[in-house]
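Colleague: Just start-v3.pdb, nothing more (PDB, C-alpha atoms, pLDDT in the B column):
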ATOM      1  CA  MET A  16    -268.541 -68.743 -10.350  1.00 96.00           C
ATOM      2  CA  GLU A  17    -270.591 -70.469 -13.026  1.00 97.00           C
ATOM      3  CA  ILE A  18    -272.338 -69.435 -16.234  1.00 98.00           C
ATOM      4  CA  ASN A  19    -274.382 -71.500 -18.681  1.00 98.00           C
ATOM      5  CA  ILE A  20    -273.339 -71.220 -22.322  1.00 98.00           C
ATOM      6  CA  ASN A  21    -274.606 -73.560 -25.053  1.00 93.00           C
ATOM      7  CA  ASN A  22    -276.102 -75.796 -22.343  1.00 94.00           C
ATOM      8  CA  LEU A  23    -272.695 -76.219 -20.756  1.00 97.00           C
ATOM      9  CA  LYS A  24    -271.760 -75.163 -17.238  1.00 98.00           C
ATOM     10  CA  ILE A  25    -268.716 -72.931 -17.604  1.00 98.00           C
ATOM     11  CA  ASN A  26    -266.564 -72.219 -14.565  1.00 98.00           C
ATOM     12  CA  TYR A  27    -264.901 -68.829 -14.299  1.00 98.00           C
ATOM     13  CA  ILE A  28    -263.479 -66.432 -11.753  1.00 98.00           C
ATOM     14  CA  GLU A  29    -263.785 -62.669 -11.500  1.00 98.00           C
ATOM     15  CA  GLU A  30    -261.236 -60.643  -9.564  1.00 98.00           C
ATOM     16  CA  GLY A  31    -260.207 -57.033  -9.143  1.00 97.00           C
ATOM     17  CA  PRO A  32    -261.842 -53.605  -8.956  1.00 96.00           C
ATOM     18  CA  ASP A  33    -264.463 -52.346 -11.401  1.00 93.00           C
ATOM     19  CA  THR A  34    -262.494 -50.684 -14.174  1.00 93.00           C
ATOM     20  CA  LYS A  35    -263.092 -49.529 -17.714  1.00 93.00           C
ATOM     21  CA  THR A  36    -260.859 -52.339 -18.980  1.00 95.00           C
ATOM     22  CA  ASN A  37    -261.828 -56.004 -18.652  1.00 97.00           C
ATOM     23  CA  ILE A  38    -259.055 -58.571 -19.012  1.00 98.00           C
ATOM     24  CA  ILE A  39    -259.944 -62.135 -20.026  1.00 98.00           C
ATOM     25  CA  LEU A  40    -257.398 -64.920 -19.507  1.00 98.00           C
ATOM     26  CA  LEU A  41    -257.641 -68.037 -21.692  1.00 98.00           C
ATOM     27  CA  HIS A  42    -255.557 -71.036 -20.650  1.00 96.00           C
ATOM     28  CA  GLY A  43    -253.639 -73.619 -22.673  1.00 94.00           C
ATOM     29  CA  TRP A  44    -254.584 -77.189 -23.527  1.00 92.00           C
ATOM     30  CA  GLY A  45    -254.665 -79.554 -20.565  1.00 89.00           C
ATOM     31  CA  THR A  46    -254.506 -76.773 -17.957  1.00 92.00           C
ATOM     32  CA  SER A  47    -257.093 -74.561 -16.267  1.00 94.00           C
ATOM     33  CA  ILE A  48    -257.666 -71.274 -14.464  1.00 96.00           C
ATOM     34  CA  ASP A  49    -255.175 -72.447 -11.825  1.00 93.00           C
ATOM     35  CA  SER A  50    -252.260 -72.055 -14.253  1.00 94.00           C
ATOM     36  CA  PHE A  51    -252.915 -68.293 -14.291  1.00 95.00           C
ATOM     37  CA  LYS A  52    -252.870 -67.698 -10.523  1.00 94.00           C
ATOM     38  CA  PRO A  53    -249.612 -65.660 -10.505  1.00 94.00           C
ATOM     39  CA  ILE A  54    -250.929 -63.419 -13.304  1.00 96.00           C
ATOM     40  CA  ILE A  55    -254.338 -62.981 -11.695  1.00 96.00           C
ATOM     41  CA  GLU A  56    -252.786 -62.001  -8.366  1.00 96.00           C
ATOM     42  CA  ASN A  57    -250.775 -59.272 -10.079  1.00 95.00           C
ATOM     43  CA  ILE A  58    -253.168 -57.859 -12.683  1.00 95.00           C
ATOM     44  CA  SER A  59    -256.242 -57.881 -10.423  1.00 96.00           C
ATOM     45  CA  LYS A  60    -254.622 -55.193  -8.254  1.00 94.00           C
ATOM     46  CA  ASN A  61    -255.420 -52.645 -10.960  1.00 93.00           C
ATOM     47  CA  TYR A  62    -257.862 -54.240 -13.403  1.00 95.00           C
ATOM     48  CA  LYS A  63    -261.015 -56.344 -13.517  1.00 97.00           C
ATOM     49  CA  VAL A  64    -259.856 -59.830 -14.496  1.00 98.00           C
ATOM     50  CA  TYR A  65    -261.839 -62.824 -15.723  1.00 98.00           C
ATOM     51  CA  ALA A  66    -260.441 -66.317 -16.268  1.00 98.00           C
ATOM     52  CA  ILE A  67    -262.416 -69.102 -17.912  1.00 98.00           C
ATOM     53  CA  ASP A  68    -262.101 -72.874 -17.702  1.00 98.00           C
ATOM     54  CA  PHE A  69    -262.711 -74.027 -21.272  1.00 98.00           C
ATOM     55  CA  PRO A  70    -265.331 -76.778 -21.716  1.00 97.00           C
ATOM     56  CA  GLY A  71    -263.646 -80.082 -20.910  1.00 95.00           C
ATOM     57  CA  PHE A  72    -261.018 -78.502 -18.643  1.00 94.00           C
ATOM     58  CA  GLY A  73    -260.810 -77.500 -15.007  1.00 94.00           C
ATOM     59  CA  LYS A  74    -264.251 -77.314 -13.413  1.00 97.00           C
ATOM     60  CA  SER A  75    -266.181 -76.667 -16.629  1.00 98.00           C
ATOM     61  CA  GLN A  76    -268.516 -79.232 -18.133  1.00 97.00           C
ATOM     62  CA  LYS A  77    -267.162 -81.418 -20.919  1.00 95.00           C
ATOM     63  CA  PRO A  78    -268.825 -81.003 -24.327  1.00 94.00           C
ATOM     64  CA  ASP A  79    -270.831 -83.931 -25.676  1.00 89.00           C
ATOM     65  CA  GLU A  80    -269.476 -83.391 -29.171  1.00 91.00           C
ATOM     66  CA  SER A  81    -266.028 -82.889 -30.676  1.00 93.00           C
ATOM     67  CA  TYR A  82    -265.555 -79.133 -30.460  1.00 96.00           C
ATOM     68  CA  THR A  83    -263.443 -77.163 -32.921  1.00 97.00           C
ATOM     69  CA  VAL A  84    -261.364 -74.057 -32.252  1.00 97.00           C
ATOM     70  CA  GLU A  85    -264.255 -72.006 -33.602  1.00 97.00           C
ATOM     71  CA  ASP A  86    -266.659 -73.610 -31.122  1.00 98.00           C
ATOM     72  CA  TYR A  87    -264.395 -72.542 -28.272  1.00 98.00           C
ATOM     73  CA  SER A  88    -264.129 -69.064 -29.760  1.00 98.00           C
ATOM     74  CA  LYS A  89    -267.916 -68.801 -29.825  1.00 98.00           C
ATOM     75  CA  ILE A  90    -268.021 -69.815 -26.146  1.00 98.00           C
ATOM     76  CA  VAL A  91    -265.731 -66.881 -25.315  1.00 98.00           C
ATOM     77  CA  LEU A  92    -267.779 -64.509 -27.481  1.00 98.00           C
ATOM     78  CA  GLU A  93    -270.981 -65.578 -25.733  1.00 98.00           C
ATOM     79  CA  PHE A  94    -269.266 -65.129 -22.364  1.00 98.00           C
ATOM     80  CA  ILE A  95    -268.338 -61.553 -23.304  1.00 98.00           C
ATOM     81  CA  ASN A  96    -271.866 -60.813 -24.541  1.00 98.00           C
ATOM     82  CA  LYS A  97    -273.639 -62.347 -21.527  1.00 98.00           C
ATOM     83  CA  LEU A  98    -271.561 -60.316 -19.106  1.00 98.00           C
ATOM     84  CA  ASN A  99    -271.815 -57.182 -21.292  1.00 97.00           C
ATOM     85  CA  LEU A 100    -268.058 -56.697 -21.202  1.00 98.00           C
ATOM     86  CA  GLU A 101    -266.528 -53.782 -23.077  1.00 96.00           C
ATOM     87  CA  ASN A 102    -262.972 -52.599 -23.692  1.00 97.00           C
ATOM     88  CA  VAL A 103    -261.727 -56.181 -23.437  1.00 98.00           C
ATOM     89  CA  VAL A 104    -258.077 -57.228 -23.410  1.00 98.00           C
ATOM     90  CA  LEU A 105    -257.697 -60.858 -24.465  1.00 98.00           C
ATOM     91  CA  VAL A 106    -254.790 -62.840 -23.019  1.00 98.00           C
ATOM     92  CA  GLY A 107    -254.216 -66.371 -24.316  1.00 98.00           C
ATOM     93  CA  HIS A 108    -251.564 -68.957 -23.597  1.00 97.00           C
ATOM     94  CA  SER A 109    -250.927 -71.714 -26.165  1.00 95.00           C
ATOM     95  CA  PHE A 110    -254.374 -73.160 -27.006  1.00 96.00           C
ATOM     96  CA  GLY A 111    -255.941 -70.013 -25.558  1.00 98.00           C
ATOM     97  CA  GLY A 112    -254.043 -68.100 -28.235  1.00 98.00           C
ATOM     98  CA  ARG A 113    -255.632 -70.279 -30.911  1.00 98.00           C
ATOM     99  CA  VAL A 114    -259.051 -69.341 -29.597  1.00 98.00           C
ATOM    100  CA  ILE A 115    -258.184 -65.640 -29.700  1.00 98.00           C
ATOM    101  CA  ILE A 116    -256.855 -65.837 -33.263  1.00 98.00           C
ATOM    102  CA  LYS A 117    -260.085 -67.486 -34.436  1.00 98.00           C
ATOM    103  CA  LEU A 118    -262.290 -65.161 -32.370  1.00 98.00           C
ATOM    104  CA  VAL A 119    -260.696 -62.021 -33.783  1.00 98.00           C
ATOM    105  CA  GLY A 120    -259.371 -63.133 -37.180  1.00 98.00           C
ATOM    106  CA  LYS A 121    -262.380 -65.211 -38.259  1.00 98.00           C
ATOM    107  CA  LEU A 122    -265.393 -64.184 -36.157  1.00 98.00           C
ATOM    108  CA  GLY A 123    -264.509 -60.498 -36.303  1.00 98.00           C
ATOM    109  CA  TYR A 124    -264.563 -59.658 -32.584  1.00 98.00           C
ATOM    110  CA  LYS A 125    -262.754 -56.380 -31.860  1.00 98.00           C
ATOM    111  CA  PRO A 126    -260.863 -56.357 -28.547  1.00 98.00           C
ATOM    112  CA  ALA A 127    -259.052 -53.329 -27.152  1.00 97.00           C
ATOM    113  CA  LYS A 128    -255.741 -55.220 -27.044  1.00 98.00           C
ATOM    114  CA  ILE A 129    -254.399 -58.759 -27.364  1.00 98.00           C
ATOM    115  CA  ILE A 130    -251.609 -60.610 -25.561  1.00 98.00           C
ATOM    116  CA  LEU A 131    -250.541 -63.928 -27.075  1.00 98.00           C
ATOM    117  CA  VAL A 132    -248.240 -65.990 -24.848  1.00 98.00           C
ATOM    118  CA  ASP A 133    -246.414 -68.908 -26.484  1.00 97.00           C
ATOM    119  CA  SER A 134    -249.469 -69.149 -28.698  1.00 98.00           C
ATOM    120  CA  ALA A 135    -250.375 -72.108 -30.856  1.00 96.00           C
ATOM    121  CA  GLY A 136    -252.057 -71.651 -34.223  1.00 96.00           C
ATOM    122  CA  ILE A 137    -249.387 -72.160 -36.857  1.00 95.00           C
ATOM    123  CA  ARG A 138    -249.323 -75.724 -38.122  1.00 89.00           C
ATOM    124  CA  PRO A 139    -245.705 -76.927 -38.230  1.00 78.00           C
ATOM    125  CA  LYS A 140    -244.062 -78.042 -41.422  1.00 68.00           C
ATOM    126  CA  ARG A 141    -243.665 -81.782 -41.114  1.00 51.00           C
ATOM    127  CA  LYS A 142    -240.641 -83.785 -42.146  1.00 49.00           C
ATOM    128  CA  LEU A 143    -240.970 -86.715 -44.558  1.00 44.00           C
ATOM    129  CA  LYS A 144    -240.645 -89.121 -41.598  1.00 49.00           C
ATOM    130  CA  TYR A 145    -243.903 -87.784 -40.136  1.00 42.00           C
ATOM    131  CA  TYR A 146    -245.898 -88.369 -43.333  1.00 40.00           C
ATOM    132  CA  ILE A 147    -244.427 -91.849 -43.707  1.00 40.00           C
ATOM    133  CA  LYS A 148    -245.539 -92.679 -40.142  1.00 45.00           C
ATOM    134  CA  ILE A 149    -249.068 -91.375 -40.854  1.00 41.00           C
ATOM    135  CA  SER A 150    -249.251 -93.330 -44.109  1.00 44.00           C
ATOM    136  CA  VAL A 151    -248.088 -96.530 -42.405  1.00 44.00           C
ATOM    137  CA  PHE A 152    -250.619 -96.048 -39.607  1.00 44.00           C
ATOM    138  CA  LYS A 153    -253.509 -95.596 -42.042  1.00 46.00           C
ATOM    139  CA  THR A 154    -252.448 -98.689 -43.979  1.00 47.00           C
ATOM    140  CA  VAL A 155    -252.105-100.807 -40.838  1.00 46.00           C
ATOM    141  CA  LYS A 156    -255.456 -99.509 -39.578  1.00 50.00           C
ATOM    142  CA  TYR A 157    -257.167-100.555 -42.824  1.00 49.00           C
ATOM    143  CA  ILE A 158    -255.589-104.021 -42.884  1.00 50.00           C
ATOM    144  CA  VAL A 159    -256.242-104.729 -39.186  1.00 50.00           C
ATOM    145  CA  ARG A 160    -259.921-103.865 -39.572  1.00 56.00           C
ATOM    146  CA  ILE A 161    -260.265-106.270 -42.496  1.00 54.00           C
ATOM    147  CA  LEU A 162    -258.467-109.127 -40.723  1.00 55.00           C
ATOM    148  CA  LEU A 163    -259.794-108.750 -37.184  1.00 56.00           C
ATOM    149  CA  GLY A 164    -263.111-106.931 -37.468  1.00 58.00           C
ATOM    150  CA  LYS A 165    -264.126-103.598 -35.985  1.00 57.00           C
ATOM    151  CA  ASN A 166    -264.136-104.319 -32.238  1.00 60.00           C
ATOM    152  CA  LYS A 167    -260.809-106.143 -31.984  1.00 56.00           C
ATOM    153  CA  SER A 168    -259.123-103.781 -34.416  1.00 54.00           C
ATOM    154  CA  GLU A 169    -260.193-100.711 -32.408  1.00 59.00           C
ATOM    155  CA  GLU A 170    -258.472-102.166 -29.347  1.00 59.00           C
ATOM    156  CA  ILE A 171    -255.188-102.579 -31.243  1.00 49.00           C
ATOM    157  CA  ILE A 172    -255.434 -99.199 -32.934  1.00 49.00           C
ATOM    158  CA  ASN A 173    -256.028 -97.433 -29.610  1.00 57.00           C
ATOM    159  CA  LYS A 174    -252.958 -99.141 -28.140  1.00 56.00           C
ATOM    160  CA  TYR A 175    -250.916 -97.805 -31.072  1.00 48.00           C
ATOM    161  CA  LYS A 176    -252.276 -94.290 -30.562  1.00 49.00           C
ATOM    162  CA  ASN A 177    -251.513 -94.388 -26.860  1.00 52.00           C
ATOM    163  CA  LYS A 178    -247.963 -95.548 -27.540  1.00 50.00           C
ATOM    164  CA  PHE A 179    -247.044 -93.041 -30.225  1.00 44.00           C
ATOM    165  CA  GLY A 180    -249.445 -90.126 -29.658  1.00 46.00           C
ATOM    166  CA  SER A 181    -248.524 -86.877 -27.895  1.00 51.00           C
ATOM    167  CA  GLN A 182    -248.869 -86.633 -24.116  1.00 61.00           C
ATOM    168  CA  ASP A 183    -251.863 -84.282 -24.493  1.00 59.00           C
ATOM    169  CA  TYR A 184    -253.551 -86.857 -26.712  1.00 52.00           C
ATOM    170  CA  LYS A 185    -252.818 -89.712 -24.317  1.00 57.00           C
ATOM    171  CA  ASN A 186    -254.245 -87.825 -21.349  1.00 65.00           C
ATOM    172  CA  ALA A 187    -257.554 -87.015 -23.047  1.00 68.00           C
ATOM    173  CA  ASP A 188    -260.718 -89.142 -22.988  1.00 71.00           C
ATOM    174  CA  GLU A 189    -262.331 -90.208 -26.258  1.00 82.00           C
ATOM    175  CA  THR A 190    -264.367 -87.022 -26.784  1.00 85.00           C
ATOM    176  CA  MET A 191    -261.463 -84.737 -25.959  1.00 89.00           C
ATOM    177  CA  LYS A 192    -259.142 -86.799 -28.191  1.00 86.00           C
ATOM    178  CA  LYS A 193    -261.429 -85.922 -31.098  1.00 90.00           C
ATOM    179  CA  VAL A 194    -261.373 -82.290 -29.991  1.00 92.00           C
ATOM    180  CA  PHE A 195    -257.579 -82.391 -29.790  1.00 90.00           C
ATOM    181  CA  LYS A 196    -257.328 -83.686 -33.364  1.00 88.00           C
ATOM    182  CA  ASN A 197    -259.696 -80.948 -34.562  1.00 92.00           C
ATOM    183  CA  VAL A 198    -257.572 -78.347 -32.836  1.00 92.00           C
ATOM    184  CA  VAL A 199    -254.053 -79.370 -33.840  1.00 89.00           C
ATOM    185  CA  ASN A 200    -254.935 -80.086 -37.461  1.00 88.00           C
ATOM    186  CA  GLU A 201    -256.198 -76.574 -38.160  1.00 94.00           C
ATOM    187  CA  ASP A 202    -253.745 -73.973 -39.433  1.00 96.00           C
ATOM    188  CA  LEU A 203    -254.845 -70.497 -38.307  1.00 98.00           C
ATOM    189  CA  THR A 204    -252.170 -68.632 -40.291  1.00 97.00           C
ATOM    190  CA  PRO A 205    -254.698 -67.189 -42.818  1.00 97.00           C
ATOM    191  CA  TYR A 206    -256.542 -65.364 -40.017  1.00 98.00           C
ATOM    192  CA  LEU A 207    -253.517 -63.550 -38.597  1.00 98.00           C
ATOM    193  CA  LYS A 208    -253.629 -60.794 -41.215  1.00 98.00           C
ATOM    194  CA  ASN A 209    -257.187 -59.930 -40.121  1.00 98.00           C
ATOM    195  CA  ILE A 210    -256.076 -58.991 -36.599  1.00 98.00           C
ATOM    196  CA  ASN A 211    -255.733 -55.226 -36.197  1.00 97.00           C
ATOM    197  CA  ALA A 212    -255.864 -54.698 -32.428  1.00 97.00           C
ATOM    198  CA  PRO A 213    -252.567 -53.789 -30.733  1.00 97.00           C
ATOM    199  CA  THR A 214    -250.989 -57.184 -30.088  1.00 98.00           C
ATOM    200  CA  LEU A 215    -248.183 -58.157 -27.733  1.00 98.00           C
ATOM    201  CA  LEU A 216    -246.434 -61.473 -28.366  1.00 98.00           C
ATOM    202  CA  ILE A 217    -244.560 -62.906 -25.379  1.00 98.00           C
ATOM    203  CA  TRP A 218    -242.476 -66.015 -26.014  1.00 98.00           C
ATOM    204  CA  GLY A 219    -240.085 -68.321 -24.267  1.00 97.00           C
ATOM    205  CA  GLU A 220    -236.723 -68.425 -25.997  1.00 97.00           C
ATOM    206  CA  LEU A 221    -236.548 -72.211 -25.550  1.00 96.00           C
ATOM    207  CA  ASP A 222    -240.189 -73.047 -26.283  1.00 95.00           C
ATOM    208  CA  ASN A 223    -240.255 -76.437 -28.020  1.00 91.00           C
ATOM    209  CA  ASP A 224    -244.048 -76.778 -28.256  1.00 91.00           C
ATOM    210  CA  THR A 225    -244.665 -73.537 -30.130  1.00 95.00           C
ATOM    211  CA  PRO A 226    -241.184 -72.536 -31.296  1.00 95.00           C
ATOM    212  CA  LEU A 227    -239.929 -68.975 -31.492  1.00 97.00           C
ATOM    213  CA  LYS A 228    -240.126 -69.044 -35.296  1.00 96.00           C
ATOM    214  CA  ASP A 229    -243.932 -69.201 -34.901  1.00 97.00           C
ATOM    215  CA  ALA A 230    -243.834 -65.986 -32.903  1.00 98.00           C
ATOM    216  CA  GLN A 231    -241.689 -64.308 -35.534  1.00 98.00           C
ATOM    217  CA  LYS A 232    -244.132 -65.338 -38.241  1.00 97.00           C
ATOM    218  CA  MET A 233    -247.061 -64.026 -36.212  1.00 98.00           C
ATOM    219  CA  GLU A 234    -245.259 -60.722 -35.716  1.00 98.00           C
ATOM    220  CA  GLN A 235    -244.856 -60.418 -39.484  1.00 98.00           C
ATOM    221  CA  LEU A 236    -248.502 -61.172 -40.230  1.00 98.00           C
ATOM    222  CA  ILE A 237    -250.345 -59.386 -37.407  1.00 98.00           C
ATOM    223  CA  ASN A 238    -250.707 -55.656 -37.900  1.00 95.00           C
ATOM    224  CA  ASN A 239    -249.555 -53.459 -35.021  1.00 95.00           C
ATOM    225  CA  SER A 240    -247.799 -56.291 -33.174  1.00 98.00           C
ATOM    226  CA  GLY A 241    -244.550 -56.594 -31.257  1.00 98.00           C
ATOM    227  CA  LEU A 242    -242.566 -59.522 -29.865  1.00 98.00           C
ATOM    228  CA  VAL A 243    -240.866 -59.859 -26.486  1.00 98.00           C
ATOM    229  CA  VAL A 244    -238.685 -62.939 -25.917  1.00 98.00           C
ATOM    230  CA  ILE A 245    -238.058 -64.203 -22.384  1.00 98.00           C
ATOM    231  CA  LYS A 246    -234.526 -65.569 -22.217  1.00 97.00           C
ATOM    232  CA  GLY A 247    -234.119 -69.126 -21.009  1.00 96.00           C
ATOM    233  CA  ALA A 248    -237.878 -69.685 -20.740  1.00 95.00           C
ATOM    234  CA  GLY A 249    -239.873 -72.521 -22.242  1.00 95.00           C
ATOM    235  CA  HIS A 250    -243.502 -73.002 -23.272  1.00 94.00           C
ATOM    236  CA  PHE A 251    -244.795 -71.660 -19.948  1.00 94.00           C
ATOM    237  CA  SER A 252    -242.693 -68.527 -20.220  1.00 96.00           C
ATOM    238  CA  TYR A 253    -244.872 -66.555 -17.818  1.00 95.00           C
ATOM    239  CA  LEU A 254    -244.241 -69.109 -15.058  1.00 94.00           C
ATOM    240  CA  ASN A 255    -240.524 -69.325 -15.844  1.00 94.00           C
ATOM    241  CA  ASP A 256    -240.046 -65.594 -15.196  1.00 95.00           C
ATOM    242  CA  ILE A 257    -243.238 -64.114 -13.779  1.00 95.00           C
ATOM    243  CA  ASN A 258    -241.565 -60.867 -12.647  1.00 96.00           C
ATOM    244  CA  TYR A 259    -240.246 -59.949 -16.076  1.00 97.00           C
ATOM    245  CA  PHE A 260    -243.465 -61.144 -17.674  1.00 97.00           C
ATOM    246  CA  MET A 261    -245.546 -58.824 -15.491  1.00 97.00           C
ATOM    247  CA  VAL A 262    -243.272 -55.848 -16.145  1.00 96.00           C
ATOM    248  CA  VAL A 263    -243.831 -56.312 -19.889  1.00 97.00           C
ATOM    249  CA  VAL A 264    -247.584 -56.865 -19.534  1.00 97.00           C
ATOM    250  CA  ASN A 265    -248.146 -53.890 -17.223  1.00 95.00           C
ATOM    251  CA  LYS A 266    -246.220 -51.652 -19.592  1.00 95.00           C
ATOM    252  CA  PHE A 267    -248.400 -52.836 -22.495  1.00 97.00           C
ATOM    253  CA  LEU A 268    -251.566 -52.183 -20.460  1.00 95.00           C
ATOM    254  CA  GLU A 269    -250.601 -48.590 -19.640  1.00 90.00           C
ATOM    255  CA  GLY A 270    -253.390 -46.253 -20.685  1.00 76.00           C
ATOM    256  CA  CYS A 271    -256.068 -48.809 -19.886  1.00 77.00           C
ATOM    257  CA  GLU A 272    -258.239 -48.054 -16.850  1.00 67.00           C
TER     258      GLU A 272
END
Turn the structure described in the file into structure tokens.
Modeller:
Amino acid sequence: MEININNLKINYIEEGPDTKTNIILLHGWGTSIDSFKPIIENISKNYKVYAIDFPGFGKSQKPDESYTVEDYSKIVLEFINKLNLENVVLVGHSFGGRVIIKLVGKLGYKPAKIILVDSAGIRPKRKLKYYIKISVFKTVKYIVRILLGKNKSEEIINKYKNKFGSQDYKNADETMKKVFKNVVNEDLTPYLKNINAPTLLIWGELDNDTPLKDAQKMEQLINNSGLVVIKGAGHFSYLNDINYFMVVVNKFLEGCE
């Protein structure tokens, strides 16, 4: 299905019976609706489920400008308003969790419940080595531009970025690289205390992308929240143990119709 929001064609799917509760699934960076197929198959037996391809991912149109987390949050808010959805449960994995934190903690949207799965949003504390590397890069960038001019220097700088950047950064085009930088450089910790909806945190014990300590910090800062750790699972904890994941989620959704 397709909906137009902010002059962008947004792809989404709608599954399940008409129920009082509407569940919205928000995927992680670099993935799409497809990553949620096992969850959709399970939850849609009892609930109305929506899953959105964020702009620039899956089958949704890519934005012409470098979106921020807040821009993505506004897309979700507009989606909810256009479809007149009430009693919404927000489920976000990784980047999708960032969007939820901003949507609820900054924009003030009030969902019925929240499920954050291996959620991003807490900017990691960097070691001295990281800041040295950034400082060296900025210095080299400045010198190269002076010596070689803008066009030639951009070619060299992009090669450096592609060599040392994260895999998500390497896989993105120029617009989405700018979006990626906007996203990862924002610390959403200050907004966690503004979240009051019942919140379930589900985390992989061995998650290296958003480590378990992030989940523990979120549990401390989010009112009415609880943490479930999936043993032996990584960043895609719901795919590592879908059966246990669904048992936990269905228990949390009890009382919703």
Colleague: So which residues get picked by the PyMOL selection byres ((chain A and resi 226) around 12) here, written as an MDAnalysis selection string?
Modeller: chainID A and resid 109 132:140 217:225 227:233 244 248:252
Colleague: Report, in Å with one decimal, the straight-line distance from CA of Tyr65 in chain A to CA of Leu40 in chain A.
Modeller: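 Going from CA of Tyr65 in chain A over to CA of Leu40 in chain A covers 6.2 Å.
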Colleague: Have a look at CA of Asn238 in chain A and CA of Pro126 in chain A and let me know their distance in Å, one decimal.
Modeller: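 Taking CA of Asn238 in chain A and CA of Pro126 in chain A, their separation equals 13.8 Å.
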Colleague: Could you name the residues that touch Trp44 in chain A at 10 Å or less, counting all atoms listed in the file, but leaving out those on the same chain fewer than 3 positions away, as a compact mmCIF listing (two decimals) with C-alpha atoms, in the coordinates of the input?
Modeller:
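See around32.txt below for the written result:
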# COMPACT_ATOMS: atom_id res chain seq x y z
CA LEU A 41 -257.64 -68.04 -21.69
CA SER A 47 -257.09 -74.56 -16.27
CA PHE A 69 -262.71 -74.03 -21.27
CA GLY A 71 -263.65 -80.08 -20.91
CA PHE A 72 -261.02 -78.50 -18.64
CA HIS A 108 -251.56 -68.96 -23.60
CA SER A 109 -250.93 -71.71 -26.16
CA PHE A 110 -254.37 -73.16 -27.01
CA GLY A 111 -255.94 -70.01 -25.56
CA ALA A 135 -250.38 -72.11 -30.86
CA ASP A 183 -251.86 -84.28 -24.49
CA PHE A 195 -257.58 -82.39 -29.79
CA VAL A 198 -257.57 -78.35 -32.84
Colleague: Could you expand the PyMOL selection byres ((chain A and resi 131) around 6) into the explicit residues it covers here, written as a PyMOL selection string?
Modeller: chain A and resi 106-107+112+130+132+134+216
Colleague: Could you tell me how far CA of Gly31 in chain A sits from CA of Asn61 in chain A, in Å to one decimal place?
Modeller: 6.7 Å
Colleague: Taking the file as shown, find all residues satisfying the PyMOL selection byres ((chain A and resi 240) around 8) and write them as an NGL selection string.
Modeller: :A and (213-216 or 234 or 237-239 or 241-242)
Colleague: Pick the closest to Pro70 in chain A from A:Leu118, A:Lys52, A:Ile20, A:Ile95: which is it, counting only C-alpha atoms?
Modeller: A:Ile20
Colleague: Model the absent atoms of range 128-140 of chain A so that N, CA and C atoms are present, and write the result as a PDB file, in the frame of the given file.
Modeller:
ATOM      1  N   LYS A 128    -257.119 -54.767 -26.860  1.00 98.00           N
ATOM      2  CA  LYS A 128    -255.741 -55.220 -27.044  1.00 98.00           C
ATOM      3  C   LYS A 128    -255.702 -56.738 -26.947  1.00 98.00           C
ATOM      4  N   ILE A 129    -254.584 -57.304 -27.403  1.00 98.00           N
ATOM      5  CA  ILE A 129    -254.399 -58.759 -27.364  1.00 98.00           C
ATOM      6  C   ILE A 129    -252.996 -59.056 -26.835  1.00 98.00           C
ATOM      7  N   ILE A 130    -252.914 -60.090 -25.984  1.00 98.00           N
ATOM      8  CA  ILE A 130    -251.609 -60.610 -25.561  1.00 98.00           C
ATOM      9  C   ILE A 130    -251.585 -62.101 -25.846  1.00 98.00           C
ATOM     10  N   LEU A 131    -250.692 -62.520 -26.734  1.00 98.00           N
ATOM     11  CA  LEU A 131    -250.541 -63.928 -27.075  1.00 98.00           C
ATOM     12  C   LEU A 131    -249.250 -64.443 -26.440  1.00 98.00           C
ATOM     13  N   VAL A 132    -249.383 -65.455 -25.592  1.00 98.00           N
ATOM     14  CA  VAL A 132    -248.240 -65.990 -24.848  1.00 98.00           C
ATOM     15  C   VAL A 132    -247.935 -67.407 -25.327  1.00 98.00           C
ATOM     16  N   ASP A 133    -246.784 -67.580 -25.963  1.00 97.00           N
ATOM     17  CA  ASP A 133    -246.414 -68.908 -26.484  1.00 97.00           C
ATOM     18  C   ASP A 133    -247.609 -69.530 -27.199  1.00 97.00           C
ATOM     19  N   SER A 134    -248.204 -68.759 -28.074  1.00 98.00           N
ATOM     20  CA  SER A 134    -249.469 -69.149 -28.698  1.00 98.00           C
ATOM     21  C   SER A 134    -249.311 -70.235 -29.755  1.00 98.00           C
ATOM     22  N   ALA A 135    -250.272 -71.133 -29.768  1.00 96.00           N
ATOM     23  CA  ALA A 135    -250.375 -72.108 -30.856  1.00 96.00           C
ATOM     24  C   ALA A 135    -251.182 -71.470 -31.988  1.00 96.00           C
ATOM     25  N   GLY A 136    -251.257 -72.160 -33.113  1.00 96.00           N
ATOM     26  CA  GLY A 136    -252.057 -71.651 -34.223  1.00 96.00           C
ATOM     27  C   GLY A 136    -251.418 -71.838 -35.579  1.00 96.00           C
ATOM     28  N   ILE A 137    -250.093 -71.929 -35.603  1.00 95.00           N
ATOM     29  CA  ILE A 137    -249.387 -72.160 -36.857  1.00 95.00           C
ATOM     30  C   ILE A 137    -249.045 -73.641 -36.957  1.00 95.00           C
ATOM     31  N   ARG A 138    -249.591 -74.292 -37.973  1.00 89.00           N
ATOM     32  CA  ARG A 138    -249.323 -75.724 -38.122  1.00 89.00           C
ATOM     33  C   ARG A 138    -247.883 -75.916 -38.581  1.00 89.00           C
ATOM     34  N   PRO A 139    -247.121 -76.762 -37.879  1.00 78.00           N
ATOM     35  CA  PRO A 139    -245.705 -76.927 -38.230  1.00 78.00           C
ATOM     36  C   PRO A 139    -245.514 -77.639 -39.553  1.00 78.00           C
ATOM     37  N   LYS A 140    -244.423 -77.315 -40.217  1.00 68.00           N
ATOM     38  CA  LYS A 140    -244.062 -78.042 -41.422  1.00 68.00           C
ATOM     39  C   LYS A 140    -243.490 -79.387 -41.010  1.00 68.00           C
TER      40      LYS A 140
END
